[in-house]
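Chemist: Have a look at this one.
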Amino acid sequence: MPLVHEISINFPEELYPGGFESFEYYVLLHEELFYDYRQPPDFRELYTSLQQRIKAFPAHRIKRGVQQQDADMMLEHCIRTLSFCEIDITTRVAGELSEFLRLLCGLVKVNGPNQDDEFDNIKNHSYQNQLRAFAANAYHYFYAYWLVPPSAAVQSPDIIYNAAFSANVCAKSGFVPPVAINLARWLATTKARTGVDLRATQKFKELKPLWDAYEEYLTRLQKQELARLLKVAPRPNWYRCANDGCDIQAMSRGALRRCAGGCPADEKPHYCSEFCQRRHWTIHREFCRTGSANPHPGIMRDDGDPAWIDVGAFRPRVIPDKEHEHDWPLFAEREGAEIFVDIAHDSPYRKGDIFRVRTRTLSPACLKAYKRLWTSELPAAARKLIDGGGCSQSIRRCWMCETDCRVGLLDPPDNMGFPRRPT
């Protein structure tokens with residue numbers, strides 16, 4: 001199955017939560033709109049700088065800067081509005097969003113008098129700010145598209161075209177923010193969704209820089225994945241948790257903890273957590289003796305190859321599963337060791353596609369809990385929570401994931417394992 005998307009999620013443990021309303025969403029928007037996907041920011045520097053920025057520019061200073069038509073403050077006002085971060089969202093504020101983005105992008109007013117000096121009157125403007133405004137405009141229209149009923153959205157594609165047009169301006173300038181890739185990826189599914197391939201229509205065909213950027217992204221992703229597989233092939237046990245049923249993998253050697261026993265080094269199993277190591281011990285202990293060798297080394301490398309035929313099932317002694325309790329850790333034991341989990345896309349329009357979630361700061365338990373939200377077949381412990389009425393099984397439409405997200409299929413730990421905010 002092809003890898004079509006990667007998501008990197010990192011939060012500095014000592015700085016989390018950010019201390020401001022919707023701060024993490026504010027950080028996410030900066031990653032999505034202000035940086036090229038090929039040159040992502042350092043998550044710690046970004047997190048710290050944005051905390052300082054909110055402190056330095058409270059709402060009243062932003063309001064004064066907007067009145068003075070300062071480009072930086074106008075763009076900041078737009079990002080705060082889009083992320084609902086430290087700003088009171090009123091009808092007037094929401095209405096200002098579109099107008100400010102139009103001015104920052106330098107777009108002419110529709111059905112109104114053209115004011116050639118509008119763009120020139122903005123102070124401290126820059127080409128970088130203009131491109132970031134186009135990225136924010138793409139996000140704004142993409143978000144607005146999902147607020148329109150599906151039937152109306154199909155009949156009037158102008159909203160999604162405005163989003164694609166803004167993303168195309170960025171791509172044409174050589175700036176490809178993640179929002180442009182997300183938008184292009186969604187547009188690639190319109191034929192399956194609606195029966196109409198928007199990319200084949202004349203207006204969308206003209207957005208060639210956007211389509212070229214998306215194809216380059218996919219090619220780049222596949223090349224990186226091929227290089228990773230070649231690196232992993234000689235020692236796959238170094239890069240995958242040995243516990244059966246655990247999907248955690250590592251991007252680099254040393255990211256997983258290895259068995260400290262006397263088993264042969266070339267077959268030594270690695271684990272993402274103490275829980276997985278303990279659970280796998282009932283199987284591994286037969287081979288974990290000084291000087292002993294595994295008489296069936298292929299078993300340790302069994303990765304689901306259809307050549308293997310399961311003639312029976314082994315059920316080890318039940319070990320309490322911390323990952324289904326309400327106190328699993330949000331953050332990893334050590335920062336910097338990047339791990340990931342691959343998730344099969346469950347959208348009916350993207351069957352067979354894989355997206356990957358990578359992190360340097362979150363725990364393996366957190367990644368596995370997230371994957372379970374996308375999984376229909378839940379472990380017995382999770383099913384017990386559901387059967388016990390601990391959660392709902394509602395479905396909501398999610399524009400960020402381009403599919404139906406399963407909300408509440410697994411009752412998460414209190415506050416999703418996040419540190420509680422002071423009351």
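Residue numbers start at 1 in each chain; chains themselves are named A, B, ... in the order of the structure tokens; ligands are numbered from 1 in the order shown.
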I need the strand (DSSP E) residues of range 137-364 of chain A per DSSP on the backbone, written as JSON, numbers by chain.
Modeler: {"A": [249, 250, 257, 258, 270, 271, 339, 340, 341, 342, 343, 344, 354, 355, 356, 357, 358, 359]}
Chemist: Using DSSP on the backbone coordinates, identify the residues of range 29-263 of chain A assigned to alpha helix (DSSP H); present them as a PyMOL selection string.
Modeler: chain A and resi 29-33+43-56+59-67+71-83+91-105+127-145+150-155+158-172+178-187+190-194+202-205+208-232
Chemist: Can you tell me which residues surround range 234-236 of chain A at a distance of at most 8 Å, considering only C-alpha atoms, apart from same-chain residues fewer than 3 positions away, and format the answer as a PyMOL selection string?
Modeler: chain A and resi 230-231+239-240+266+301
Chemist: Select, from A:Leu373, A:Leu28, A:Phe204, A:Pro41, the residue with the minimum atom-to-atom distance to His345 in chain A, counting only C-alpha atoms.
Modeler: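 Between A:Leu373, A:Leu28, A:Phe204, A:Pro41, the residue approaching His345 in chain A most closely is A:Leu373.
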Chemist: Which residues, written as a ChimeraX atom specification, have at least one atom at most 9 Å from Arg228 in chain A, with only C-alpha atoms counted and residues fewer than 5 positions away on the same chain left out?
Modeler: /A:223,233,251
Chemist: Which one of A:Ala144, A:Val4, A:Gln277, A:Ala135 sits closest to Ala94 in chain A if you count only C-alpha atoms?
Modeler: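 The closest residue to Ala94 in chain A is A:Ala144.
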Chemist: Expressed in Å to a single decimal, how great is the separation between CA of Glu13 in chain A and CA of Ser83 in chain A?
Modeler: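 Separation of CA of Glu13 in chain A and CA of Ser83 in chain A: 21.5 Å.
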Chemist: Looking at A:Pro17, A:Thr201, A:Gln69, A:Glu86, which one is nearest to Lys55 in chain A, with distances taken over only C-alpha atoms?
Modeler: A:Glu86
Chemist: Find the residues near Asn129 in chain A: any atom within 8 Å, counting only C-alpha atoms, skip ones fewer than 4 places away on the same chain, and give them as a PyMOL selection string.
Modeler: chain A and resi 71-72+75+104+125+133
Chemist: Output N, CA, C and O atoms for every residue in the selection just made, as a JSON list (two decimals), in the first residue's frame.
Modeler:
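The new file result-v7.json reads:
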```json
[["chain", "number", "residue", "atom", "x", "y", "z"],
["A", 71, "ALA", "N", 0.98, 45.35, 8.36],
["A", 71, "ALA", "CA", 0.82, 44.04, 7.73],
["A", 71, "ALA", "C", 1.03, 42.90, 8.71],
["A", 71, "ALA", "O", 0.29, 41.91, 8.72],
["A", 72, "ASP", "N", 2.06, 43.02, 9.55],
["A", 72, "ASP", "CA", 2.37, 41.94, 10.49],
["A", 72, "ASP", "C", 1.23, 41.73, 11.48],
["A", 72, "ASP", "O", 0.85, 40.60, 11.78],
["A", 75, "LEU", "N", -1.89, 40.19, 9.71],
["A", 75, "LEU", "CA", -1.73, 38.75, 9.51],
["A", 75, "LEU", "C", -1.84, 38.00, 10.83],
["A", 75, "LEU", "O", -2.46, 36.93, 10.91],
["A", 104, "LEU", "N", -4.09, 41.76, 2.26],
["A", 104, "LEU", "CA", -2.71, 41.28, 2.37],
["A", 104, "LEU", "C", -2.26, 40.53, 1.12],
["A", 104, "LEU", "O", -1.09, 40.57, 0.75],
["A", 125, "HIS", "N", 4.71, 45.82, 4.83],
["A", 125, "HIS", "CA", 4.37, 44.60, 4.09],
["A", 125, "HIS", "C", 5.64, 44.02, 3.47],
["A", 125, "HIS", "O", 6.62, 44.70, 3.25],
["A", 133, "ALA", "N", -0.02, 35.11, 3.61],
["A", 133, "ALA", "CA", -1.43, 35.49, 3.56],
["A", 133, "ALA", "C", -2.17, 34.64, 2.54],
["A", 133, "ALA", "O", -3.33, 34.24, 2.78]]
```
Chemist: Can you work out which one of A:Tyr349, A:Glu32, A:Cys246, A:Lys203 has the shortest atom-to-atom distance to Lys368 in chain A, counting only C-alpha atoms?
Modeler: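 Closest candidate: A:Cys246.
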Chemist: What lies within 9 Å of range 185-199 of chain A using only C-alpha atoms, ignoring chain neighbours under 5 positions off, as a count of residues only?
Modeler: 17
Chemist: Could you work out how far CA of Tyr47 in chain A lies from CA of Pro178 in chain A, giving the answer in Å with one decimal?
Modeler: 17.8 Å
